[in-house]
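Structure file upload.cif; described as mmCIF, N, CA and C atoms.
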```cif
data_run
#
loop_
_atom_site.label_atom_id
_atom_site.label_comp_id
_atom_site.auth_asym_id
_atom_site.auth_seq_id
_atom_site.Cartn_x
_atom_site.Cartn_y
_atom_site.Cartn_z
N MET A 1 123.83 216.90 187.12
CA MET A 1 124.57 215.85 186.46
C MET A 1 124.04 215.69 185.04
N SER A 2 124.94 215.46 184.09
CA SER A 2 124.54 215.38 182.69
C SER A 2 123.70 214.13 182.43
N ASP A 3 122.93 214.20 181.34
CA ASP A 3 122.07 213.08 180.95
C ASP A 3 122.90 211.83 180.66
N ALA A 4 124.07 212.02 180.02
CA ALA A 4 124.92 210.87 179.69
C ALA A 4 125.38 210.16 180.96
N LEU A 5 125.72 210.92 182.01
CA LEU A 5 126.16 210.30 183.26
C LEU A 5 125.00 209.57 183.93
N GLN A 6 123.81 210.15 183.91
CA GLN A 6 122.67 209.52 184.55
C GLN A 6 122.29 208.21 183.88
N LYS A 7 122.54 208.07 182.59
CA LYS A 7 122.19 206.84 181.88
C LYS A 7 123.33 205.82 181.93
N GLY A 8 124.41 206.12 182.64
CA GLY A 8 125.49 205.17 182.81
C GLY A 8 126.42 205.08 181.63
N ARG A 9 126.51 206.11 180.84
CA ARG A 9 127.43 206.09 179.71
C ARG A 9 128.80 206.55 180.16
N VAL A 10 129.54 207.19 179.30
CA VAL A 10 130.91 207.60 179.58
C VAL A 10 130.98 208.40 180.88
N GLY A 11 131.92 208.03 181.74
CA GLY A 11 132.15 208.78 182.97
C GLY A 11 131.26 208.40 184.12
N ALA A 12 130.77 207.18 184.16
CA ALA A 12 129.90 206.75 185.25
C ALA A 12 130.67 206.77 186.57
N ALA A 13 129.96 206.92 187.66
CA ALA A 13 130.59 207.04 188.96
C ALA A 13 131.14 205.71 189.45
N VAL A 14 132.32 205.73 190.00
CA VAL A 14 132.93 204.59 190.67
C VAL A 14 133.50 205.14 191.97
N GLY A 15 133.03 204.61 193.08
CA GLY A 15 133.50 205.10 194.36
C GLY A 15 133.24 206.59 194.54
N GLY A 16 132.17 207.09 193.94
CA GLY A 16 131.81 208.50 194.05
C GLY A 16 132.51 209.38 193.03
N LYS A 17 133.33 208.82 192.18
CA LYS A 17 134.04 209.60 191.17
C LYS A 17 133.77 208.99 189.80
N GLN A 18 134.03 209.75 188.76
CA GLN A 18 133.83 209.24 187.41
C GLN A 18 134.85 208.15 187.10
N VAL A 19 134.45 207.23 186.21
CA VAL A 19 135.38 206.17 185.80
C VAL A 19 136.56 206.83 185.12
N GLY A 20 137.73 206.59 185.64
CA GLY A 20 138.92 207.21 185.11
C GLY A 20 139.56 206.41 184.00
N GLY A 21 140.52 207.03 183.38
CA GLY A 21 141.23 206.40 182.28
C GLY A 21 141.99 205.16 182.71
N GLY A 22 142.38 205.08 183.98
CA GLY A 22 143.10 203.91 184.47
C GLY A 22 142.26 202.65 184.39
N TRP A 23 140.99 202.77 184.79
CA TRP A 23 140.09 201.61 184.71
C TRP A 23 139.87 201.22 183.25
N ARG A 24 139.64 202.21 182.42
CA ARG A 24 139.42 201.92 181.00
C ARG A 24 140.65 201.25 180.40
N ALA A 25 141.83 201.73 180.75
CA ALA A 25 143.07 201.13 180.26
C ALA A 25 143.19 199.68 180.72
N LEU A 26 142.83 199.42 181.97
CA LEU A 26 142.86 198.06 182.48
C LEU A 26 141.98 197.14 181.64
N PHE A 27 140.77 197.60 181.31
CA PHE A 27 139.86 196.76 180.54
C PHE A 27 140.34 196.57 179.10
N TRP A 28 140.97 197.61 178.52
CA TRP A 28 141.57 197.47 177.18
C TRP A 28 142.70 196.45 177.22
N ILE A 29 143.52 196.51 178.26
CA ILE A 29 144.63 195.55 178.40
C ILE A 29 144.09 194.13 178.59
N ALA A 30 143.05 193.99 179.41
CA ALA A 30 142.44 192.67 179.62
C ALA A 30 141.89 192.13 178.30
N ALA A 31 141.26 193.00 177.51
CA ALA A 31 140.74 192.57 176.21
C ALA A 31 141.88 192.11 175.30
N ALA A 32 142.93 192.90 175.21
CA ALA A 32 144.07 192.54 174.36
C ALA A 32 144.70 191.23 174.82
N PHE A 33 144.87 191.07 176.13
CA PHE A 33 145.43 189.85 176.70
C PHE A 33 144.61 188.64 176.27
N ASN A 34 143.28 188.73 176.42
CA ASN A 34 142.43 187.61 176.05
C ASN A 34 142.42 187.36 174.54
N PHE A 35 142.45 188.43 173.76
CA PHE A 35 142.50 188.25 172.30
C PHE A 35 143.77 187.50 171.89
N ILE A 36 144.90 187.89 172.47
CA ILE A 36 146.17 187.26 172.13
C ILE A 36 146.21 185.80 172.58
N VAL A 37 145.88 185.56 173.85
CA VAL A 37 145.91 184.19 174.38
C VAL A 37 144.89 183.31 173.64
N GLY A 38 143.70 183.85 173.40
CA GLY A 38 142.67 183.08 172.70
C GLY A 38 143.07 182.76 171.27
N ALA A 39 143.61 183.74 170.57
CA ALA A 39 144.02 183.52 169.18
C ALA A 39 145.16 182.51 169.10
N LEU A 40 146.13 182.61 170.01
CA LEU A 40 147.22 181.64 170.02
C LEU A 40 146.71 180.23 170.31
N GLY A 41 145.74 180.13 171.21
CA GLY A 41 145.15 178.83 171.51
C GLY A 41 144.39 178.24 170.34
N MET A 42 143.71 179.08 169.59
CA MET A 42 142.94 178.60 168.43
C MET A 42 143.85 178.23 167.27
N LEU A 43 144.92 178.98 167.07
CA LEU A 43 145.74 178.84 165.88
C LEU A 43 146.97 177.96 166.04
N SER A 44 147.26 177.53 167.24
CA SER A 44 148.44 176.70 167.47
C SER A 44 148.32 175.38 166.71
N PRO A 45 149.34 175.02 165.93
CA PRO A 45 149.27 173.78 165.17
C PRO A 45 149.21 172.52 166.06
N GLU A 46 149.72 172.63 167.29
CA GLU A 46 149.70 171.48 168.20
C GLU A 46 148.41 171.39 169.00
N ALA A 47 147.54 172.38 168.90
CA ALA A 47 146.34 172.44 169.74
C ALA A 47 145.35 171.33 169.39
N THR A 48 144.80 170.72 170.44
CA THR A 48 143.73 169.75 170.26
C THR A 48 142.43 170.50 170.00
N VAL A 49 141.39 169.78 169.66
CA VAL A 49 140.09 170.42 169.46
C VAL A 49 139.63 171.08 170.76
N ASP A 50 139.85 170.41 171.89
CA ASP A 50 139.49 170.99 173.18
C ASP A 50 140.23 172.30 173.44
N ALA A 51 141.52 172.32 173.12
CA ALA A 51 142.32 173.54 173.32
C ALA A 51 141.82 174.66 172.41
N ARG A 52 141.42 174.31 171.20
CA ARG A 52 140.89 175.32 170.28
C ARG A 52 139.56 175.89 170.79
N ILE A 53 138.73 175.03 171.36
CA ILE A 53 137.46 175.50 171.93
C ILE A 53 137.73 176.45 173.09
N ILE A 54 138.69 176.11 173.93
CA ILE A 54 139.06 177.00 175.03
C ILE A 54 139.56 178.33 174.48
N GLY A 55 140.35 178.28 173.41
CA GLY A 55 140.83 179.51 172.77
C GLY A 55 139.69 180.39 172.29
N VAL A 56 138.67 179.78 171.72
CA VAL A 56 137.49 180.54 171.28
C VAL A 56 136.81 181.20 172.47
N LEU A 57 136.67 180.47 173.56
CA LEU A 57 136.02 181.03 174.76
C LEU A 57 136.84 182.17 175.37
N VAL A 58 138.15 181.99 175.43
CA VAL A 58 139.04 183.04 175.95
C VAL A 58 138.91 184.29 175.08
N PHE A 59 138.91 184.09 173.77
CA PHE A 59 138.75 185.21 172.83
C PHE A 59 137.40 185.90 173.06
N GLY A 60 136.35 185.11 173.28
CA GLY A 60 135.03 185.67 173.54
C GLY A 60 134.99 186.53 174.81
N PHE A 61 135.69 186.09 175.85
CA PHE A 61 135.77 186.91 177.05
C PHE A 61 136.49 188.23 176.76
N GLY A 62 137.44 188.20 175.84
CA GLY A 62 138.11 189.44 175.43
C GLY A 62 137.10 190.43 174.86
N MET A 63 136.10 189.93 174.16
CA MET A 63 135.06 190.81 173.62
C MET A 63 134.26 191.47 174.74
N ILE A 64 134.03 190.72 175.83
CA ILE A 64 133.35 191.29 176.99
C ILE A 64 134.18 192.45 177.57
N TYR A 65 135.46 192.22 177.73
CA TYR A 65 136.31 193.26 178.32
C TYR A 65 136.41 194.48 177.40
N LEU A 66 136.34 194.26 176.10
CA LEU A 66 136.32 195.37 175.15
C LEU A 66 135.06 196.22 175.34
N LEU A 67 133.92 195.57 175.50
CA LEU A 67 132.68 196.30 175.76
C LEU A 67 132.76 197.10 177.05
N VAL A 68 133.33 196.48 178.09
CA VAL A 68 133.47 197.19 179.37
C VAL A 68 134.41 198.38 179.22
N ALA A 69 135.48 198.23 178.46
CA ALA A 69 136.43 199.33 178.25
C ALA A 69 135.73 200.51 177.59
N ARG A 70 134.83 200.23 176.68
CA ARG A 70 134.14 201.30 175.96
C ARG A 70 133.06 201.97 176.81
N GLU A 71 132.32 201.18 177.60
CA GLU A 71 131.24 201.73 178.43
C GLU A 71 131.23 201.01 179.78
N PRO A 72 132.13 201.43 180.66
CA PRO A 72 132.30 200.72 181.94
C PRO A 72 131.04 200.59 182.78
N SER A 73 130.29 201.64 182.91
CA SER A 73 129.11 201.57 183.78
C SER A 73 128.05 200.66 183.20
N ARG A 74 127.84 200.77 181.92
CA ARG A 74 126.79 199.97 181.26
C ARG A 74 127.09 198.48 181.30
N PHE A 75 128.35 198.10 181.04
CA PHE A 75 128.69 196.69 180.92
C PHE A 75 129.41 196.11 182.14
N ALA A 76 129.56 196.89 183.20
CA ALA A 76 130.27 196.41 184.39
C ALA A 76 129.74 195.08 184.92
N PRO A 77 128.43 194.86 184.98
CA PRO A 77 127.96 193.57 185.52
C PRO A 77 128.48 192.35 184.78
N THR A 78 128.85 192.49 183.52
CA THR A 78 129.39 191.34 182.77
C THR A 78 130.75 190.91 183.31
N LEU A 79 131.40 191.79 184.07
CA LEU A 79 132.70 191.44 184.65
C LEU A 79 132.60 190.30 185.66
N TRP A 80 131.41 190.06 186.22
CA TRP A 80 131.25 188.94 187.14
C TRP A 80 131.57 187.62 186.44
N ALA A 81 131.19 187.52 185.16
CA ALA A 81 131.54 186.32 184.38
C ALA A 81 133.06 186.21 184.25
N GLY A 82 133.73 187.33 184.08
CA GLY A 82 135.19 187.33 183.99
C GLY A 82 135.83 186.91 185.30
N VAL A 83 135.29 187.39 186.42
CA VAL A 83 135.83 187.02 187.73
C VAL A 83 135.71 185.50 187.94
N VAL A 84 134.51 184.97 187.67
CA VAL A 84 134.29 183.53 187.85
C VAL A 84 135.17 182.73 186.90
N GLY A 85 135.23 183.16 185.64
CA GLY A 85 136.03 182.44 184.66
C GLY A 85 137.51 182.45 184.98
N LYS A 86 138.04 183.63 185.31
CA LYS A 86 139.47 183.73 185.58
C LYS A 86 139.86 182.99 186.86
N LEU A 87 139.07 183.17 187.92
CA LEU A 87 139.39 182.45 189.16
C LEU A 87 139.21 180.95 188.99
N GLY A 88 138.22 180.54 188.19
CA GLY A 88 138.03 179.12 187.92
C GLY A 88 139.21 178.51 187.20
N VAL A 89 139.72 179.21 186.19
CA VAL A 89 140.88 178.73 185.45
C VAL A 89 142.11 178.65 186.36
N VAL A 90 142.30 179.68 187.17
CA VAL A 90 143.44 179.68 188.10
C VAL A 90 143.31 178.52 189.07
N GLY A 91 142.11 178.30 189.61
CA GLY A 91 141.91 177.21 190.57
C GLY A 91 142.08 175.83 189.96
N LEU A 92 141.66 175.67 188.71
CA LEU A 92 141.75 174.36 188.07
C LEU A 92 143.16 174.05 187.54
N LEU A 93 143.79 175.04 186.94
CA LEU A 93 145.09 174.80 186.31
C LEU A 93 146.28 175.15 187.21
N GLY A 94 146.06 175.98 188.20
CA GLY A 94 147.16 176.46 189.05
C GLY A 94 147.96 175.36 189.72
N PRO A 95 147.32 174.43 190.41
CA PRO A 95 148.10 173.41 191.13
C PRO A 95 149.02 172.60 190.23
N SER A 96 148.54 172.20 189.06
CA SER A 96 149.40 171.39 188.18
C SER A 96 150.47 172.25 187.50
N ALA A 97 150.16 173.51 187.22
CA ALA A 97 151.13 174.39 186.58
C ALA A 97 152.26 174.77 187.53
N ILE A 98 151.94 174.90 188.80
CA ILE A 98 152.95 175.29 189.79
C ILE A 98 153.75 174.08 190.26
N GLY A 99 153.18 172.88 190.13
CA GLY A 99 153.84 171.66 190.60
C GLY A 99 155.13 171.35 189.85
N VAL A 100 155.69 170.22 190.17
CA VAL A 100 156.95 169.77 189.58
C VAL A 100 156.79 169.68 188.07
N GLY A 101 157.71 170.29 187.35
CA GLY A 101 157.68 170.26 185.89
C GLY A 101 156.65 171.19 185.29
N GLY A 102 156.18 172.15 186.08
CA GLY A 102 155.17 173.09 185.60
C GLY A 102 155.72 174.00 184.51
N ASP A 103 154.84 174.44 183.65
CA ASP A 103 155.20 175.31 182.53
C ASP A 103 155.16 176.76 183.00
N MET A 104 156.28 177.46 182.92
CA MET A 104 156.36 178.84 183.42
C MET A 104 155.47 179.79 182.61
N LEU A 105 155.28 179.52 181.33
CA LEU A 105 154.38 180.35 180.52
C LEU A 105 152.96 180.26 181.06
N ILE A 106 152.52 179.05 181.38
CA ILE A 106 151.17 178.86 181.94
C ILE A 106 151.07 179.53 183.31
N VAL A 107 152.10 179.41 184.11
CA VAL A 107 152.12 180.07 185.43
C VAL A 107 151.98 181.58 185.26
N GLY A 108 152.69 182.15 184.30
CA GLY A 108 152.59 183.60 184.05
C GLY A 108 151.20 184.01 183.60
N ILE A 109 150.61 183.23 182.71
CA ILE A 109 149.24 183.53 182.25
C ILE A 109 148.26 183.44 183.41
N LEU A 110 148.41 182.42 184.24
CA LEU A 110 147.52 182.26 185.39
C LEU A 110 147.71 183.39 186.40
N ALA A 111 148.94 183.84 186.59
CA ALA A 111 149.18 184.97 187.50
C ALA A 111 148.49 186.22 186.98
N LEU A 112 148.58 186.47 185.68
CA LEU A 112 147.88 187.63 185.10
C LEU A 112 146.37 187.47 185.22
N ASP A 113 145.85 186.27 185.01
CA ASP A 113 144.41 186.03 185.18
C ASP A 113 143.99 186.35 186.61
N ALA A 114 144.79 185.92 187.58
CA ALA A 114 144.46 186.20 188.99
C ALA A 114 144.47 187.70 189.26
N LEU A 115 145.45 188.42 188.71
CA LEU A 115 145.51 189.87 188.90
C LEU A 115 144.32 190.57 188.25
N PHE A 116 143.96 190.14 187.04
CA PHE A 116 142.78 190.72 186.38
C PHE A 116 141.53 190.46 187.21
N ALA A 117 141.36 189.24 187.71
CA ALA A 117 140.18 188.91 188.53
C ALA A 117 140.13 189.80 189.76
N LEU A 118 141.26 190.00 190.41
CA LEU A 118 141.32 190.87 191.59
C LEU A 118 140.94 192.31 191.22
N ALA A 119 141.49 192.80 190.13
CA ALA A 119 141.17 194.16 189.69
C ALA A 119 139.69 194.29 189.34
N PHE A 120 139.13 193.29 188.66
CA PHE A 120 137.70 193.33 188.33
C PHE A 120 136.87 193.38 189.60
N LEU A 121 137.26 192.59 190.61
CA LEU A 121 136.54 192.60 191.89
C LEU A 121 136.60 193.98 192.54
N VAL A 122 137.77 194.59 192.55
CA VAL A 122 137.91 195.93 193.14
C VAL A 122 136.97 196.89 192.41
N PHE A 123 136.98 196.84 191.09
CA PHE A 123 136.10 197.72 190.32
C PHE A 123 134.64 197.47 190.66
N LEU A 124 134.23 196.22 190.65
CA LEU A 124 132.82 195.88 190.89
C LEU A 124 132.38 196.23 192.31
N LEU A 125 133.24 196.02 193.28
CA LEU A 125 132.85 196.25 194.67
C LEU A 125 132.95 197.71 195.10
N THR A 126 133.64 198.54 194.32
CA THR A 126 133.72 199.95 194.65
C THR A 126 132.88 200.81 193.72
N LYS A 127 132.30 200.20 192.71
CA LYS A 127 131.50 200.93 191.73
C LYS A 127 130.22 201.45 192.39
N SER A 128 129.97 202.70 192.20
CA SER A 128 128.76 203.32 192.72
C SER A 128 127.62 203.12 191.73
N ASP A 129 126.48 202.65 192.21
CA ASP A 129 125.31 202.46 191.36
C ASP A 129 124.40 203.69 191.34
N ALA A 130 124.86 204.77 191.93
CA ALA A 130 124.03 205.95 192.04
C ALA A 130 123.65 206.56 190.70
N THR A 131 124.48 206.37 189.70
CA THR A 131 124.18 206.99 188.39
C THR A 131 123.69 205.98 187.38
N ASP A 132 123.58 204.71 187.75
CA ASP A 132 123.14 203.69 186.79
C ASP A 132 121.63 203.70 186.61
#
```
Would you write out, as structure tokens, the structure that this file holds?
Amino acid sequence: MSDALQKGRVGAAVGGKQVGGGWRALFWIAAAFNFIVGALGMLSPEATVDARIIGVLVFGFGMIYLLVAREPSRFAPTLWAGVVGKLGVVGLLGPSAIGVGGDMLIVGILALDALFALAFLVFLLTKSDATD
């Protein structure tokens, strides 16, 4: 096995195989999603200070996903923060967003957050630590 693989760089093992382009694409998409949602939250003229702070945090999580996209094996453990954050947001905002008069845009964002959290869990729970 190459030195780069043994140090957990490009092509680290996941489920006994190298990290494929599909996983990397997922993390790039997650980063872009968070950058867009975070930037819109920060820059919205109607946003309160609290909403702007949330936008900054969402944008910051996008930076985590960008790091994971570039070096999945090295930065994979940071995805646990993403799982907790995304599931926490879904759990806190989901009931009111889905209820009577709920905002469909928020429901869509929460659905994507739930899917990303599920995908992150699959990656984390199937990732092989043999080459780390």
*Answer key for the PyMOL selection byres (((chain A and resi 110 and name CA) around 10) and name CA), residues as a PyMOL selection string*: chain A and resi 86-87+89-91+93-94+97-98+104-109+111-116
Saved selection, atoms kept: N, CA and C atoms, as a PDB file, in the coordinates of the input:
```
ATOM      1  N   LYS A  86     138.040 183.630 185.310  1.00  0.00           N
ATOM      2  CA  LYS A  86     139.470 183.730 185.580  1.00  0.00           C
ATOM      3  C   LYS A  86     139.860 182.990 186.860  1.00  0.00           C
ATOM      4  N   LEU A  87     139.070 183.170 187.920  1.00  0.00           N
ATOM      5  CA  LEU A  87     139.390 182.450 189.160  1.00  0.00           C
ATOM      6  C   LEU A  87     139.210 180.950 188.990  1.00  0.00           C
ATOM      7  N   VAL A  89     139.720 179.210 186.190  1.00  0.00           N
ATOM      8  CA  VAL A  89     140.880 178.730 185.450  1.00  0.00           C
ATOM      9  C   VAL A  89     142.110 178.650 186.360  1.00  0.00           C
ATOM     10  N   VAL A  90     142.300 179.680 187.170  1.00  0.00           N
ATOM     11  CA  VAL A  90     143.440 179.680 188.100  1.00  0.00           C
ATOM     12  C   VAL A  90     143.310 178.520 189.070  1.00  0.00           C
ATOM     13  N   GLY A  91     142.110 178.300 189.610  1.00  0.00           N
ATOM     14  CA  GLY A  91     141.910 177.210 190.570  1.00  0.00           C
ATOM     15  C   GLY A  91     142.080 175.830 189.960  1.00  0.00           C
ATOM     16  N   LEU A  93     143.790 175.040 186.940  1.00  0.00           N
ATOM     17  CA  LEU A  93     145.090 174.800 186.310  1.00  0.00           C
ATOM     18  C   LEU A  93     146.280 175.150 187.210  1.00  0.00           C
ATOM     19  N   GLY A  94     146.060 175.980 188.200  1.00  0.00           N
ATOM     20  CA  GLY A  94     147.160 176.460 189.050  1.00  0.00           C
ATOM     21  C   GLY A  94     147.960 175.360 189.720  1.00  0.00           C
ATOM     22  N   ALA A  97     150.160 173.510 187.220  1.00  0.00           N
ATOM     23  CA  ALA A  97     151.130 174.390 186.580  1.00  0.00           C
ATOM     24  C   ALA A  97     152.260 174.770 187.530  1.00  0.00           C
ATOM     25  N   ILE A  98     151.940 174.900 188.800  1.00  0.00           N
ATOM     26  CA  ILE A  98     152.950 175.290 189.790  1.00  0.00           C
ATOM     27  C   ILE A  98     153.750 174.080 190.260  1.00  0.00           C
ATOM     28  N   MET A 104     156.280 177.460 182.920  1.00  0.00           N
ATOM     29  CA  MET A 104     156.360 178.840 183.420  1.00  0.00           C
ATOM     30  C   MET A 104     155.470 179.790 182.610  1.00  0.00           C
ATOM     31  N   LEU A 105     155.280 179.520 181.330  1.00  0.00           N
ATOM     32  CA  LEU A 105     154.380 180.350 180.520  1.00  0.00           C
ATOM     33  C   LEU A 105     152.960 180.260 181.060  1.00  0.00           C
ATOM     34  N   ILE A 106     152.520 179.050 181.380  1.00  0.00           N
ATOM     35  CA  ILE A 106     151.170 178.860 181.940  1.00  0.00           C
ATOM     36  C   ILE A 106     151.070 179.530 183.310  1.00  0.00           C
ATOM     37  N   VAL A 107     152.100 179.410 184.110  1.00  0.00           N
ATOM     38  CA  VAL A 107     152.120 180.070 185.430  1.00  0.00           C
ATOM     39  C   VAL A 107     151.980 181.580 185.260  1.00  0.00           C
ATOM     40  N   GLY A 108     152.690 182.150 184.300  1.00  0.00           N
ATOM     41  CA  GLY A 108     152.590 183.600 184.050  1.00  0.00           C
ATOM     42  C   GLY A 108     151.200 184.010 183.600  1.00  0.00           C
ATOM     43  N   ILE A 109     150.610 183.230 182.710  1.00  0.00           N
ATOM     44  CA  ILE A 109     149.240 183.530 182.250  1.00  0.00           C
ATOM     45  C   ILE A 109     148.260 183.440 183.410  1.00  0.00           C
ATOM     46  N   ALA A 111     148.940 183.840 186.590  1.00  0.00           N
ATOM     47  CA  ALA A 111     149.180 184.970 187.500  1.00  0.00           C
ATOM     48  C   ALA A 111     148.490 186.220 186.980  1.00  0.00           C
ATOM     49  N   LEU A 112     148.580 186.470 185.680  1.00  0.00           N
ATOM     50  CA  LEU A 112     147.880 187.630 185.100  1.00  0.00           C
ATOM     51  C   LEU A 112     146.370 187.470 185.220  1.00  0.00           C
ATOM     52  N   ASP A 113     145.850 186.270 185.010  1.00  0.00           N
ATOM     53  CA  ASP A 113     144.410 186.030 185.180  1.00  0.00           C
ATOM     54  C   ASP A 113     143.990 186.350 186.610  1.00  0.00           C
ATOM     55  N   ALA A 114     144.790 185.920 187.580  1.00  0.00           N
ATOM     56  CA  ALA A 114     144.460 186.200 188.990  1.00  0.00           C
ATOM     57  C   ALA A 114     144.470 187.700 189.260  1.00  0.00           C
ATOM     58  N   LEU A 115     145.450 188.420 188.710  1.00  0.00           N
ATOM     59  CA  LEU A 115     145.510 189.870 188.900  1.00  0.00           C
ATOM     60  C   LEU A 115     144.320 190.570 188.250  1.00  0.00           C
ATOM     61  N   PHE A 116     143.960 190.140 187.040  1.00  0.00           N
ATOM     62  CA  PHE A 116     142.780 190.720 186.380  1.00  0.00           C
ATOM     63  C   PHE A 116     141.530 190.460 187.210  1.00  0.00           C
TER      64      PHE A 116
END
```
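In this structure, atom C of Gly62 of chain A sits 5.6 Å away from atom N of Ala31 of chain A.
Put simply, atom CA of Leu118 of chain A is 21.4 Å away from atom CA of Ser96 of chain A.
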*DSSP on the backbone: what in segment 12-120 of chain A comes out alpha helix (DSSP H), as a PyMOL selection string?*
chain A and resi 21-43+49-70+72-75+79-98+104-120
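Excluding Val58 of chain A itself and same-chain residues fewer than 3 positions from it, the residues having an atom within 5 Å of it are A:Asn34, A:Gly38, A:Ile54, A:Gly55, A:Phe61, A:Gly62, counting all atoms listed in the file.
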Got a moment to write segment 39-60 of chain A out with N, CA and C atoms, as an mmCIF file, in the first residue's frame?
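New file decode-v5.cif:
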```
data_model
loop_
_atom_site.group_PDB
_atom_site.id
_atom_site.type_symbol
_atom_site.label_atom_id
_atom_site.label_comp_id
_atom_site.auth_asym_id
_atom_site.auth_seq_id
_atom_site.Cartn_x
_atom_site.Cartn_y
_atom_site.Cartn_z
ATOM 1 N N ALA A 39 -24.736 31.950 3.602
ATOM 2 C CA ALA A 39 -24.591 33.292 3.027
ATOM 3 C C ALA A 39 -25.939 33.993 2.921
ATOM 4 N N LEU A 40 -26.966 33.263 2.488
ATOM 5 C CA LEU A 40 -28.298 33.868 2.405
ATOM 6 C C LEU A 40 -28.801 34.289 3.785
ATOM 7 N N GLY A 41 -28.515 33.472 4.791
ATOM 8 C CA GLY A 41 -28.914 33.817 6.152
ATOM 9 C C GLY A 41 -28.190 35.044 6.684
ATOM 10 N N MET A 42 -26.923 35.177 6.338
ATOM 11 C CA MET A 42 -26.142 36.333 6.801
ATOM 12 C C MET A 42 -26.527 37.609 6.067
ATOM 13 N N LEU A 43 -26.832 37.504 4.788
ATOM 14 C CA LEU A 43 -27.010 38.678 3.949
ATOM 15 C C LEU A 43 -28.459 39.119 3.759
ATOM 16 N N SER A 44 -29.399 38.341 4.246
ATOM 17 C CA SER A 44 -30.807 38.693 4.074
ATOM 18 C C SER A 44 -31.113 40.009 4.797
ATOM 19 N N PRO A 45 -31.742 40.956 4.098
ATOM 20 C CA PRO A 45 -32.043 42.235 4.738
ATOM 21 C C PRO A 45 -33.041 42.114 5.902
ATOM 22 N N GLU A 46 -33.869 41.065 5.882
ATOM 23 C CA GLU A 46 -34.849 40.870 6.952
ATOM 24 C C GLU A 46 -34.284 40.099 8.138
ATOM 25 N N ALA A 47 -33.067 39.593 8.029
ATOM 26 C CA ALA A 47 -32.501 38.721 9.062
ATOM 27 C C ALA A 47 -32.227 39.484 10.356
ATOM 28 N N THR A 48 -32.584 38.845 11.465
ATOM 29 C CA THR A 48 -32.254 39.386 12.776
ATOM 30 C C THR A 48 -30.782 39.085 13.066
ATOM 31 N N VAL A 49 -30.275 39.637 14.137
ATOM 32 C CA VAL A 49 -28.890 39.346 14.523
ATOM 33 C C VAL A 49 -28.739 37.852 14.800
ATOM 34 N N ASP A 50 -29.725 37.259 15.461
ATOM 35 C CA ASP A 50 -29.678 35.821 15.730
ATOM 36 C C ASP A 50 -29.624 35.005 14.441
ATOM 37 N N ALA A 51 -30.427 35.400 13.453
ATOM 38 C CA ALA A 51 -30.435 34.691 12.171
ATOM 39 C C ALA A 51 -29.093 34.846 11.462
ATOM 40 N N ARG A 52 -28.484 36.009 11.580
ATOM 41 C CA ARG A 52 -27.166 36.223 10.967
ATOM 42 C C ARG A 52 -26.096 35.360 11.640
ATOM 43 N N ILE A 53 -26.187 35.230 12.953
ATOM 44 C CA ILE A 53 -25.242 34.370 13.677
ATOM 45 C C ILE A 53 -25.403 32.920 13.229
ATOM 46 N N ILE A 54 -26.635 32.481 13.078
ATOM 47 C CA ILE A 54 -26.885 31.121 12.590
ATOM 48 C C ILE A 54 -26.306 30.963 11.189
ATOM 49 N N GLY A 55 -26.468 31.985 10.343
ATOM 50 C CA GLY A 55 -25.897 31.947 8.999
ATOM 51 C C GLY A 55 -24.386 31.790 9.023
ATOM 52 N N VAL A 56 -23.730 32.482 9.942
ATOM 53 C CA VAL A 56 -22.270 32.350 10.082
ATOM 54 C C VAL A 56 -21.904 30.921 10.474
ATOM 55 N N LEU A 57 -22.646 30.350 11.408
ATOM 56 C CA LEU A 57 -22.359 28.976 11.851
ATOM 57 C C LEU A 57 -22.608 27.962 10.732
ATOM 58 N N VAL A 58 -23.691 28.132 9.992
ATOM 59 C CA VAL A 58 -23.984 27.242 8.862
ATOM 60 C C VAL A 58 -22.859 27.339 7.832
ATOM 61 N N PHE A 59 -22.422 28.557 7.544
ATOM 62 C CA PHE A 59 -21.319 28.766 6.604
ATOM 63 C C PHE A 59 -20.047 28.079 7.122
ATOM 64 N N GLY A 60 -19.794 28.186 8.424
ATOM 65 C CA GLY A 60 -18.629 27.536 9.025
ATOM 66 C C GLY A 60 -18.662 26.018 8.879
#
```
